[in-house]
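Trainee: Take a look at run02.pdb, PDB, C-alpha atoms, pLDDT in the B column:
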ATOM      1  CA  MET B   1      -8.300  -0.163  18.317  1.00 94.00           C
ATOM      2  CA  LEU B   2      -9.120  -3.802  18.990  1.00 95.00           C
ATOM      3  CA  ASP B   3      -6.826  -6.763  18.445  1.00 95.00           C
ATOM      4  CA  ASN B   4      -7.635 -10.384  17.665  1.00 95.00           C
ATOM      5  CA  PHE B   5      -4.809 -12.933  17.839  1.00 95.00           C
ATOM      6  CA  SER B   6      -5.268 -16.290  16.091  1.00 95.00           C
ATOM      7  CA  PHE B   7      -2.231 -18.522  16.580  1.00 95.00           C
ATOM      8  CA  GLY B   8      -1.221 -22.105  17.185  1.00 94.00           C
ATOM      9  CA  ASN B   9      -0.113 -23.682  20.460  1.00 93.00           C
ATOM     10  CA  PRO B  10       1.757 -21.023  22.503  1.00 93.00           C
ATOM     11  CA  ASP B  11       3.578 -23.782  24.428  1.00 93.00           C
ATOM     12  CA  LYS B  12       5.688 -24.213  21.303  1.00 92.00           C
ATOM     13  CA  PRO B  13       8.634 -21.779  21.377  1.00 94.00           C
ATOM     14  CA  GLU B  14       8.296 -20.821  17.717  1.00 93.00           C
ATOM     15  CA  VAL B  15       4.574 -19.996  18.114  1.00 93.00           C
ATOM     16  CA  LEU B  16       5.167 -18.061  21.330  1.00 95.00           C
ATOM     17  CA  GLY B  17       7.938 -16.151  19.546  1.00 95.00           C
ATOM     18  CA  GLN B  18       5.522 -15.200  16.771  1.00 94.00           C
ATOM     19  CA  MET B  19       3.062 -13.888  19.331  1.00 95.00           C
ATOM     20  CA  VAL B  20       5.709 -11.894  21.184  1.00 96.00           C
ATOM     21  CA  ARG B  21       6.878 -10.208  17.974  1.00 95.00           C
ATOM     22  CA  ALA B  22       3.266  -9.425  17.026  1.00 94.00           C
ATOM     23  CA  VAL B  23       2.638  -7.817  20.424  1.00 95.00           C
ATOM     24  CA  GLN B  24       5.837  -5.793  20.084  1.00 95.00           C
ATOM     25  CA  GLY B  25       4.610  -4.562  16.688  1.00 94.00           C
ATOM     26  CA  CYS B  26       1.248  -3.565  18.160  1.00 94.00           C
ATOM     27  CA  CYS B  27       2.982  -1.681  20.967  1.00 95.00           C
ATOM     28  CA  MET B  28       5.293   0.156  18.577  1.00 95.00           C
ATOM     29  CA  ALA B  29       2.474   1.281  16.273  1.00 93.00           C
ATOM     30  CA  ALA B  30       0.098   2.239  19.086  1.00 95.00           C
ATOM     31  CA  SER B  31       2.809   4.338  20.726  1.00 96.00           C
ATOM     32  CA  ALA B  32       3.838   6.003  17.459  1.00 95.00           C
ATOM     33  CA  TYR B  33       0.282   6.979  16.528  1.00 93.00           C
ATOM     34  CA  ARG B  34      -0.871   7.539  20.136  1.00 94.00           C
ATOM     35  CA  THR B  35      -3.821   5.247  19.514  1.00 93.00           C
ATOM     36  CA  PRO B  36      -4.666   2.802  22.339  1.00 93.00           C
ATOM     37  CA  PHE B  37      -5.796  -0.793  22.149  1.00 94.00           C
ATOM     38  CA  ILE B  38      -8.882  -0.731  24.372  1.00 94.00           C
ATOM     39  CA  SER B  39      -9.765  -4.423  24.116  1.00 93.00           C
ATOM     40  CA  GLY B  40      -9.340  -7.574  22.078  1.00 91.00           C
ATOM     41  CA  LYS B  41      -9.384 -11.345  22.184  1.00 91.00           C
ATOM     42  CA  ASP B  42      -7.262 -14.339  21.318  1.00 91.00           C
ATOM     43  CA  SER B  43      -7.894 -17.667  19.655  1.00 93.00           C
ATOM     44  CA  LEU B  44      -5.014 -20.003  20.446  1.00 93.00           C
ATOM     45  CA  ASN B  45      -4.164 -23.665  19.929  1.00 93.00           C
ATOM     46  CA  ASN B  46      -5.453 -23.550  16.361  1.00 92.00           C
ATOM     47  CA  GLU B  47      -3.772 -26.706  15.118  1.00 92.00           C
ATOM     48  CA  TYR B  48      -4.704 -29.870  13.315  1.00 88.00           C
ATOM     49  CA  ARG B  49      -3.032 -33.250  13.276  1.00 85.00           C
ATOM     50  CA  VAL B  50      -1.751 -35.193  10.291  1.00 87.00           C
ATOM     51  CA  GLY B  51      -0.576 -38.577  11.524  1.00 87.00           C
ATOM     52  CA  GLN B  52       1.937 -37.885  14.285  1.00 85.00           C
ATOM     53  CA  HIS B  53       2.422 -34.250  13.295  1.00 86.00           C
ATOM     54  CA  SER B  54       0.586 -31.233  14.659  1.00 87.00           C
ATOM     55  CA  ILE B  55       0.400 -28.347  12.192  1.00 88.00           C
ATOM     56  CA  PRO B  56      -0.522 -24.806  13.373  1.00 88.00           C
ATOM     57  CA  ILE B  57      -2.495 -22.317  11.292  1.00 90.00           C
ATOM     58  CA  PRO B  58      -0.577 -19.393   9.791  1.00 92.00           C
ATOM     59  CA  PRO B  59      -0.214 -16.756  12.534  1.00 93.00           C
ATOM     60  CA  THR B  60      -2.972 -14.206  12.051  1.00 94.00           C
ATOM     61  CA  LEU B  61      -3.469 -10.834  13.718  1.00 94.00           C
ATOM     62  CA  LEU B  62      -6.626  -8.850  12.997  1.00 95.00           C
ATOM     63  CA  ILE B  63      -6.687  -5.212  14.095  1.00 95.00           C
ATOM     64  CA  SER B  64      -9.930  -3.238  13.948  1.00 95.00           C
ATOM     65  CA  ALA B  65      -9.701   0.548  14.137  1.00 91.00           C
ATOM     66  CA  ILE B  66     -12.716   2.691  14.959  1.00 87.00           C
ATOM     67  CA  GLY B  67     -12.801   6.482  14.773  1.00 87.00           C
ATOM     68  CA  CYS B  68     -15.141   9.436  14.359  1.00 88.00           C
ATOM     69  CA  ILE B  69     -15.482  11.434  11.128  1.00 88.00           C
ATOM     70  CA  GLU B  70     -16.535  15.016  11.754  1.00 88.00           C
ATOM     71  CA  ASP B  71     -18.036  15.516   8.280  1.00 89.00           C
ATOM     72  CA  VAL B  72     -18.740  12.450   6.136  1.00 90.00           C
ATOM     73  CA  ASN B  73     -19.113  14.702   3.096  1.00 90.00           C
ATOM     74  CA  LYS B  74     -15.373  15.368   3.234  1.00 89.00           C
ATOM     75  CA  THR B  75     -14.337  11.719   2.899  1.00 92.00           C
ATOM     76  CA  VAL B  76     -12.785  10.549  -0.368  1.00 95.00           C
ATOM     77  CA  THR B  77     -12.912   7.293  -2.300  1.00 97.00           C
ATOM     78  CA  MET B  78     -10.227   5.630  -4.406  1.00 97.00           C
ATOM     79  CA  ASP B  79     -11.790   6.018  -7.886  1.00 97.00           C
ATOM     80  CA  LEU B  80     -10.418   8.663 -10.237  1.00 97.00           C
ATOM     81  CA  LYS B  81     -12.832  11.566 -10.546  1.00 97.00           C
ATOM     82  CA  SER B  82     -12.035  13.490 -13.749  1.00 97.00           C
ATOM     83  CA  PRO B  83      -9.377  13.754 -16.469  1.00 97.00           C
ATOM     84  CA  GLY B  84      -6.542  16.279 -16.327  1.00 96.00           C
ATOM     85  CA  ASN B  85      -5.922  16.042 -12.590  1.00 98.00           C
ATOM     86  CA  SER B  86      -2.495  15.497 -11.070  1.00 98.00           C
ATOM     87  CA  ILE B  87      -1.471  12.138  -9.616  1.00 98.00           C
ATOM     88  CA  TYR B  88       0.873  12.117  -6.625  1.00 98.00           C
ATOM     89  CA  VAL B  89       2.619   9.345  -4.713  1.00 97.00           C
ATOM     90  CA  LEU B  90       2.999   9.967  -0.992  1.00 97.00           C
ATOM     91  CA  GLY B  91       5.641   7.950   0.874  1.00 95.00           C
ATOM     92  CA  LYS B  92       8.889   6.292  -0.167  1.00 93.00           C
ATOM     93  CA  THR B  93       9.113   3.112  -2.193  1.00 93.00           C
ATOM     94  CA  PHE B  94      11.839   0.754  -0.977  1.00 90.00           C
ATOM     95  CA  ASN B  95      13.317  -2.374  -2.533  1.00 88.00           C
ATOM     96  CA  GLU B  96      10.982  -4.547  -0.446  1.00 91.00           C
ATOM     97  CA  LEU B  97       9.474  -7.377  -2.461  1.00 92.00           C
ATOM     98  CA  GLY B  98      10.102 -10.224  -0.034  1.00 92.00           C
ATOM     99  CA  GLY B  99       6.828 -12.126   0.381  1.00 91.00           C
ATOM    100  CA  SER B 100       5.129  -9.896  -2.198  1.00 93.00           C
ATOM    101  CA  HIS B 101       2.416 -11.005  -4.603  1.00 91.00           C
ATOM    102  CA  TYR B 102       4.741 -10.191  -7.504  1.00 92.00           C
ATOM    103  CA  TYR B 103       7.394 -12.566  -6.191  1.00 93.00           C
ATOM    104  CA  GLU B 104       4.756 -15.211  -5.542  1.00 91.00           C
ATOM    105  CA  ILE B 105       3.644 -15.334  -9.172  1.00 89.00           C
ATOM    106  CA  GLN B 106       7.307 -15.300 -10.249  1.00 90.00           C
ATOM    107  CA  GLY B 107       8.037 -18.314  -8.036  1.00 92.00           C
ATOM    108  CA  CYS B 108      10.359 -16.311  -5.775  1.00 89.00           C
ATOM    109  CA  THR B 109      10.428 -15.610  -2.048  1.00 85.00           C
ATOM    110  CA  GLY B 110      12.909 -12.800  -1.362  1.00 87.00           C
ATOM    111  CA  ASN B 111      14.445 -11.737   1.939  1.00 86.00           C
ATOM    112  CA  LEU B 112      13.745  -7.987   1.911  1.00 89.00           C
ATOM    113  CA  VAL B 113      10.279  -7.784   3.426  1.00 91.00           C
ATOM    114  CA  PRO B 114       8.419  -4.495   4.003  1.00 92.00           C
ATOM    115  CA  LYS B 115       9.276  -2.776   7.273  1.00 91.00           C
ATOM    116  CA  VAL B 116       6.766  -0.776   9.260  1.00 89.00           C
ATOM    117  CA  ARG B 117       7.807   2.876   9.408  1.00 91.00           C
ATOM    118  CA  PRO B 118       5.196   4.897  11.330  1.00 93.00           C
ATOM    119  CA  GLN B 119       4.540   8.271   9.725  1.00 94.00           C
ATOM    120  CA  PRO B 120       2.126  10.160  12.014  1.00 95.00           C
ATOM    121  CA  GLN B 121       2.998  13.596  10.618  1.00 95.00           C
ATOM    122  CA  MET B 122       2.491  12.399   7.051  1.00 96.00           C
ATOM    123  CA  LEU B 123      -0.964  11.090   7.890  1.00 95.00           C
ATOM    124  CA  LYS B 124      -1.894  14.309   9.694  1.00 95.00           C
ATOM    125  CA  SER B 125      -0.870  16.326   6.626  1.00 96.00           C
ATOM    126  CA  LEU B 126      -2.825  14.039   4.307  1.00 97.00           C
ATOM    127  CA  HIS B 127      -5.860  14.264   6.565  1.00 95.00           C
ATOM    128  CA  LYS B 128      -5.682  18.061   6.464  1.00 95.00           C
ATOM    129  CA  ALA B 129      -5.397  18.041   2.666  1.00 96.00           C
ATOM    130  CA  ILE B 130      -8.495  15.836   2.465  1.00 95.00           C
ATOM    131  CA  LYS B 131     -10.457  18.067   4.860  1.00 93.00           C
ATOM    132  CA  THR B 132      -9.600  21.169   2.831  1.00 93.00           C
ATOM    133  CA  GLY B 133     -10.925  19.553  -0.357  1.00 93.00           C
ATOM    134  CA  LEU B 134      -7.633  19.306  -2.252  1.00 95.00           C
ATOM    135  CA  VAL B 135      -7.755  15.516  -2.555  1.00 97.00           C
ATOM    136  CA  LEU B 136     -10.256  14.002  -4.989  1.00 97.00           C
ATOM    137  CA  ALA B 137      -9.186  10.361  -4.655  1.00 98.00           C
ATOM    138  CA  CYS B 138      -6.813   8.454  -2.421  1.00 98.00           C
ATOM    139  CA  HIS B 139      -5.757   4.807  -2.435  1.00 97.00           C
ATOM    140  CA  ASP B 140      -3.312   2.906  -0.248  1.00 95.00           C
ATOM    141  CA  CYS B 141      -0.589   0.655  -1.654  1.00 94.00           C
ATOM    142  CA  SER B 142      -0.843  -2.868  -0.284  1.00 90.00           C
ATOM    143  CA  GLU B 143      -0.899  -6.200  -2.133  1.00 91.00           C
ATOM    144  CA  GLY B 144       0.585  -5.638  -5.574  1.00 93.00           C
ATOM    145  CA  GLY B 145       2.053  -2.237  -4.705  1.00 95.00           C
ATOM    146  CA  ILE B 146       1.698   0.862  -6.876  1.00 96.00           C
ATOM    147  CA  GLY B 147       1.027  -1.167 -10.029  1.00 95.00           C
ATOM    148  CA  VAL B 148      -2.166  -2.709  -8.675  1.00 95.00           C
ATOM    149  CA  ALA B 149      -3.285   0.443  -6.808  1.00 97.00           C
ATOM    150  CA  ILE B 150      -3.221   2.683  -9.886  1.00 97.00           C
ATOM    151  CA  ALA B 151      -5.009   0.049 -11.978  1.00 96.00           C
ATOM    152  CA  GLU B 152      -7.800  -0.150  -9.383  1.00 97.00           C
ATOM    153  CA  MET B 153      -8.149   3.649  -9.344  1.00 97.00           C
ATOM    154  CA  CYS B 154      -8.430   3.690 -13.134  1.00 97.00           C
ATOM    155  CA  PHE B 155     -11.067   1.051 -13.705  1.00 95.00           C
ATOM    156  CA  ALA B 156     -13.025   2.131 -10.621  1.00 95.00           C
ATOM    157  CA  GLY B 157     -13.370   5.622 -12.116  1.00 96.00           C
ATOM    158  CA  GLY B 158     -13.538   4.620 -15.774  1.00 96.00           C
ATOM    159  CA  LEU B 159     -10.562   6.837 -16.609  1.00 97.00           C
ATOM    160  CA  GLY B 160      -7.012   6.305 -17.809  1.00 97.00           C
ATOM    161  CA  MET B 161      -3.776   7.396 -16.202  1.00 98.00           C
ATOM    162  CA  GLN B 162      -0.243   8.190 -17.259  1.00 97.00           C
ATOM    163  CA  ILE B 163       2.575   7.956 -14.715  1.00 97.00           C
ATOM    164  CA  SER B 164       6.387   8.036 -14.737  1.00 96.00           C
ATOM    165  CA  LEU B 165       8.322   5.733 -12.422  1.00 94.00           C
ATOM    166  CA  ASN B 166      11.388   7.982 -12.517  1.00 92.00           C
ATOM    167  CA  LYS B 167       9.470  10.541 -10.449  1.00 93.00           C
ATOM    168  CA  LEU B 168       8.678   8.247  -7.521  1.00 92.00           C
ATOM    169  CA  PRO B 169      10.093   9.031  -4.066  1.00 90.00           C
ATOM    170  CA  THR B 170      12.475   6.085  -3.585  1.00 86.00           C
ATOM    171  CA  GLU B 171      15.243   4.728  -1.419  1.00 70.00           C
ATOM    172  CA  THR B 172      17.120   1.453  -1.667  1.00 54.00           C
ATOM    173  CA  LEU B 173      17.915  -0.489   1.485  1.00 43.00           C
ATOM    174  CA  THR B 174      20.709  -2.600   0.038  1.00 45.00           C
ATOM    175  CA  PRO B 175      22.853  -2.397  -3.082  1.00 43.00           C
ATOM    176  CA  ILE B 176      21.260  -4.120  -6.075  1.00 44.00           C
ATOM    177  CA  THR B 177      22.579  -5.103  -9.475  1.00 44.00           C
ATOM    178  CA  ASP B 178      24.775  -2.331 -10.877  1.00 44.00           C
ATOM    179  CA  ASN B 179      23.371  -0.100  -8.122  1.00 48.00           C
ATOM    180  CA  GLN B 180      20.430   0.712 -10.405  1.00 62.00           C
ATOM    181  CA  LEU B 181      16.735   0.966  -9.653  1.00 78.00           C
ATOM    182  CA  ARG B 182      14.369  -1.377 -11.482  1.00 88.00           C
ATOM    183  CA  ASP B 183      10.989  -0.707 -13.027  1.00 93.00           C
ATOM    184  CA  ASP B 184       9.435  -3.906 -11.718  1.00 92.00           C
ATOM    185  CA  TRP B 185      10.269  -3.409  -8.060  1.00 89.00           C
ATOM    186  CA  LEU B 186       9.170   0.220  -8.190  1.00 93.00           C
ATOM    187  CA  LEU B 187       5.827  -0.970  -9.548  1.00 95.00           C
ATOM    188  CA  PHE B 188       5.289  -3.973  -7.296  1.00 95.00           C
ATOM    189  CA  SER B 189       7.191  -3.310  -4.061  1.00 94.00           C
ATOM    190  CA  GLU B 190       4.806  -3.501  -1.111  1.00 95.00           C
ATOM    191  CA  SER B 191       6.458  -0.893   1.124  1.00 94.00           C
ATOM    192  CA  ASN B 192       4.202   0.401   3.879  1.00 93.00           C
ATOM    193  CA  THR B 193       2.637   3.841   4.410  1.00 94.00           C
ATOM    194  CA  ARG B 194       2.241   4.937   0.782  1.00 96.00           C
ATOM    195  CA  PHE B 195      -0.717   6.489  -0.990  1.00 97.00           C
ATOM    196  CA  ILE B 196      -1.729   7.334  -4.553  1.00 98.00           C
ATOM    197  CA  ILE B 197      -3.515  10.692  -4.580  1.00 98.00           C
ATOM    198  CA  GLU B 198      -5.537  12.543  -7.201  1.00 98.00           C
ATOM    199  CA  VAL B 199      -5.279  16.313  -6.729  1.00 98.00           C
ATOM    200  CA  THR B 200      -7.539  18.877  -8.391  1.00 94.00           C
ATOM    201  CA  SER B 201      -5.893  20.513 -11.385  1.00 94.00           C
ATOM    202  CA  GLY B 202      -4.762  24.014 -10.489  1.00 95.00           C
ATOM    203  CA  LYS B 203      -4.470  23.267  -6.768  1.00 96.00           C
ATOM    204  CA  GLU B 204      -1.124  21.488  -6.871  1.00 96.00           C
ATOM    205  CA  ASP B 205       0.742  24.355  -5.163  1.00 96.00           C
ATOM    206  CA  LYS B 206      -1.665  24.377  -2.227  1.00 97.00           C
ATOM    207  CA  PHE B 207      -1.421  20.608  -1.877  1.00 97.00           C
ATOM    208  CA  GLU B 208       2.375  20.583  -2.011  1.00 96.00           C
ATOM    209  CA  LYS B 209       2.535  23.373   0.561  1.00 96.00           C
ATOM    210  CA  LEU B 210       0.395  21.343   2.954  1.00 95.00           C
ATOM    211  CA  MET B 211       2.608  18.289   2.395  1.00 95.00           C
ATOM    212  CA  GLN B 212       5.913  20.074   3.084  1.00 94.00           C
ATOM    213  CA  GLY B 213       8.282  17.832   4.988  1.00 93.00           C
ATOM    214  CA  CYS B 214       6.714  14.675   3.546  1.00 94.00           C
ATOM    215  CA  GLU B 215       8.068  12.374   0.842  1.00 94.00           C
ATOM    216  CA  VAL B 216       5.684  13.284  -1.962  1.00 95.00           C
ATOM    217  CA  SER B 217       6.038  13.711  -5.712  1.00 95.00           C
ATOM    218  CA  LYS B 218       3.806  14.369  -8.709  1.00 97.00           C
ATOM    219  CA  VAL B 219       4.152  11.302 -10.923  1.00 96.00           C
ATOM    220  CA  GLY B 220       1.459  11.672 -13.561  1.00 97.00           C
ATOM    221  CA  ILE B 221      -1.981  12.742 -14.693  1.00 98.00           C
ATOM    222  CA  SER B 222      -5.476  11.289 -15.059  1.00 97.00           C
ATOM    223  CA  MET B 223      -6.611  10.797 -18.654  1.00 97.00           C
ATOM    224  CA  ALA B 224      -9.971  10.847 -20.473  1.00 96.00           C
ATOM    225  CA  ASN B 225      -9.092   7.698 -22.426  1.00 93.00           C
ATOM    226  CA  LYS B 226      -9.292   4.204 -20.991  1.00 93.00           C
ATOM    227  CA  GLU B 227      -5.585   3.399 -21.097  1.00 96.00           C
ATOM    228  CA  LEU B 228      -3.083   3.024 -18.274  1.00 97.00           C
ATOM    229  CA  GLU B 229       0.363   4.046 -19.494  1.00 97.00           C
ATOM    230  CA  ILE B 230       3.450   3.564 -17.337  1.00 97.00           C
ATOM    231  CA  PHE B 231       6.760   5.121 -18.297  1.00 96.00           C
ATOM    232  CA  GLY B 232       9.886   3.480 -16.902  1.00 93.00           C
ATOM    233  CA  LEU B 233      13.074   4.883 -15.454  1.00 91.00           C
ATOM    234  CA  ASN B 234      14.499   5.458 -18.931  1.00 91.00           C
ATOM    235  CA  GLY B 235      11.448   7.465 -20.009  1.00 92.00           C
ATOM    236  CA  GLU B 236      10.066   4.773 -22.304  1.00 94.00           C
ATOM    237  CA  ILE B 237       6.723   2.983 -21.909  1.00 95.00           C
ATOM    238  CA  VAL B 238       7.152  -0.239 -19.927  1.00 95.00           C
ATOM    239  CA  ALA B 239       3.461  -1.090 -19.593  1.00 94.00           C
ATOM    240  CA  LYS B 240       0.266  -0.109 -21.378  1.00 95.00           C
ATOM    241  CA  ALA B 241      -3.139  -1.691 -20.921  1.00 95.00           C
ATOM    242  CA  ASN B 242      -6.812  -1.003 -21.439  1.00 96.00           C
ATOM    243  CA  ILE B 243      -8.523  -0.489 -18.097  1.00 95.00           C
ATOM    244  CA  GLU B 244     -11.362  -2.862 -19.008  1.00 94.00           C
ATOM    245  CA  GLU B 245      -8.793  -5.624 -19.559  1.00 93.00           C
ATOM    246  CA  LEU B 246      -7.223  -4.776 -16.216  1.00 92.00           C
ATOM    247  CA  LYS B 247     -10.607  -4.918 -14.498  1.00 93.00           C
ATOM    248  CA  PHE B 248     -11.324  -8.315 -16.040  1.00 92.00           C
ATOM    249  CA  ALA B 249      -7.961  -9.641 -14.829  1.00 89.00           C
ATOM    250  CA  TRP B 250      -8.595  -8.194 -11.370  1.00 89.00           C
ATOM    251  CA  ALA B 251     -12.083  -9.693 -11.133  1.00 89.00           C
ATOM    252  CA  THR B 252     -11.316 -13.168 -12.505  1.00 87.00           C
ATOM    253  CA  GLY B 253      -7.790 -13.855 -11.283  1.00 71.00           C
ATOM    254  CA  ILE B 254      -4.691 -14.782 -13.220  1.00 59.00           C
ATOM    255  CA  LYS B 255      -5.036 -17.840 -15.432  1.00 58.00           C
ATOM    256  CA  ILE B 256      -1.823 -19.900 -15.473  1.00 49.00           C
TER     257      ILE B 256
END
Kindly present the structure from the file in C-alpha cells form.
Mentor:
Amino acid sequence: MLDNFSFGNPDKPEVLGQMVRAVQGCCMAASAYRTPFISGKDSLNNEYRVGQHSIPIPPTLLISAIGCIEDVNKTVTMDLKSPGNSIYVLGKTFNELGGSHYYEIQGCTGNLVPKVRPQPQMLKSLHKAIKTGLVLACHDCSEGGIGVAIAEMCFAGGLGMQISLNKLPTETLTPITDNQLRDDWLLFSESNTRFIIEVTSGKEDKFEKLMQGCEVSKVGISMANKELEIFGLNGEIVAKANIEELKFAWATGIKI
C-alpha cells in the first residue's frame, strides 16, 4: 500500500492531531490485514488566507492498494447477472449515520460515525467464495449504504431486486427510540466492511458453508423485472422504484 497525506499546517495543534489520528488508523489497519505501507508522500501546509484568517483544506488521506490477481477470469463485477439468484449481505449494519450522505440531505449531522472494524477472516472467506465461482456479483457499501449499493447493482445489470430489511445482520451501538430498529438507518447507514453479494441459485448451501463464522444473511433475490422492491422491518414495502428512474437520479444528482 501507498499513502498520501494532504493536510494543513502541522504546526497547528488541531491539524497535527488530525495527522496523528490518521497515522494511528493506518497502523491499525495495516497490522490487522498484515499489509505493509511500502512508501508514500505528504502534501502539507495546504491553506489559504481570507483577510487575517488562515483556513486549511479538509484533511485528506489517499491510500492506494496494489495486489496480484492469479486469474483475472475469476474476478467479479458489481452488476447483477441473472434473475432468480440469491442476494446476501455480508457484515453487520450498525446505527452509524453520523456524517452520512443520508443525514446530509436531511440537514442533520449525527454523532455516531462509522467505526473501522477490520475483518481479515471475512475477506479471506469472501475471496475463497469468489475464486470457487459461487459469487456472481459483489458490491461494497460506502456512500449511501445498502440502499445506494443495491440500486447500483440493479441498474448496472438491468435487473430488479427484492430484499427484506428484517433479514439484515444488525447490531445497535446505543439505545434508540423505543429500542427499535429503523428502516431508514438500516438502508442508509454507512457502516464499514459490508458487501452485497449475488450467489448462483442452487449454490446457497456451498456459499453459506464457506462463510461460516461470518455475519452473513440471505436478504432477497434478483428479479427479471426492472423494479427494486424493499420490504421493511414489519414486512411491508417501504420503497419501490423503477431501476431506470434510479439510474437517472444517480446520474444527474438530486434536484432540490
Trainee: Carefully work through the PyMOL selection byres ((chain B and resi 231) around 12) for this structure and note down the residues it includes, as a VMD selection string.
Mentor: chain B and resid 147 161 to 168 183 to 184 186 to 187 219 to 220 228 to 230 232 to 240
Trainee: For the provided coordinates, the residues matched by the PyMOL selection byres ((chain B and resi 6-18) around 8) should be stated as a ChimeraX atom specification.
Mentor: /B:4-5,19-22,42-47,56-61
Trainee: Residues picked by the PyMOL selection byres ((chain B and resi 129) around 12) here, as a VMD selection string?
Mentor: chain B and resid 74 to 76 122 to 128 130 to 138 197 to 200 203 to 212
Trainee: Residues near Cys141 (chain B), anyone? I mean within 7 Å using only C-alpha atoms, not counting same-chain ones fewer than 3 positions away, as a list in words.
Mentor: Gly145, Ile146, Ala149, Glu190, Arg194 and Phe195 of chain B
Trainee: Could you state the separation of CA of Ala224 (chain B) and CA of Glu152 (chain B) in Å, given to one decimal place?
Mentor: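 Spanning CA of Ala224 (chain B) to CA of Glu152 (chain B) is a straight-line distance of 15.8 Å.
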Trainee: Would you mind putting back N, CA and C atoms on region 148-164 of chain B, then writing it out as a tab-separated table (two decimals), keeping the file's coordinate frame?
Mentor:
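File produced: part-v1.tsv:
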chain	number	residue	atom	x	y	z
B	148	VAL	N	-0.78	-2.29	-8.87
B	148	VAL	CA	-2.17	-2.71	-8.68
B	148	VAL	C	-3.03	-1.54	-8.22
B	149	ALA	N	-2.50	-0.68	-7.34
B	149	ALA	CA	-3.28	0.44	-6.81
B	149	ALA	C	-3.74	1.39	-7.91
B	150	ILE	N	-2.83	1.75	-8.83
B	150	ILE	CA	-3.22	2.68	-9.89
B	150	ILE	C	-4.21	2.04	-10.87
B	151	ALA	N	-4.06	0.74	-11.10
B	151	ALA	CA	-5.01	0.05	-11.98
B	151	ALA	C	-6.40	0.07	-11.37
B	152	GLU	N	-6.50	-0.17	-10.06
B	152	GLU	CA	-7.80	-0.15	-9.38
B	152	GLU	C	-8.43	1.24	-9.44
B	153	MET	N	-7.62	2.28	-9.28
B	153	MET	CA	-8.15	3.65	-9.34
B	153	MET	C	-8.70	3.95	-10.74
B	154	CYS	N	-8.01	3.43	-11.75
B	154	CYS	CA	-8.43	3.69	-13.13
B	154	CYS	C	-9.75	3.03	-13.46
B	155	PHE	N	-9.84	1.70	-13.27
B	155	PHE	CA	-11.07	1.05	-13.70
B	155	PHE	C	-12.23	1.32	-12.75
B	156	ALA	N	-11.93	1.74	-11.52
B	156	ALA	CA	-13.02	2.13	-10.62
B	156	ALA	C	-13.66	3.44	-11.08
B	157	GLY	N	-12.86	4.34	-11.67
B	157	GLY	CA	-13.37	5.62	-12.12
B	157	GLY	C	-13.67	5.69	-13.60
B	158	GLY	N	-13.31	4.63	-14.34
B	158	GLY	CA	-13.54	4.62	-15.77
B	158	GLY	C	-12.66	5.60	-16.53
B	159	LEU	N	-11.48	5.89	-15.98
B	159	LEU	CA	-10.56	6.84	-16.61
B	159	LEU	C	-9.18	6.21	-16.75
B	160	GLY	N	-8.38	6.76	-17.65
B	160	GLY	CA	-7.01	6.30	-17.81
B	160	GLY	C	-6.06	7.10	-16.94
B	161	MET	N	-4.80	6.71	-16.98
B	161	MET	CA	-3.78	7.40	-16.20
B	161	MET	C	-2.44	7.24	-16.90
B	162	GLN	N	-1.60	8.24	-16.73
B	162	GLN	CA	-0.24	8.19	-17.26
B	162	GLN	C	0.70	8.55	-16.12
B	163	ILE	N	1.64	7.66	-15.80
B	163	ILE	CA	2.58	7.96	-14.72
B	163	ILE	C	4.01	7.65	-15.16
B	164	SER	N	4.96	8.24	-14.46
B	164	SER	CA	6.39	8.04	-14.74
B	164	SER	C	7.06	7.52	-13.48
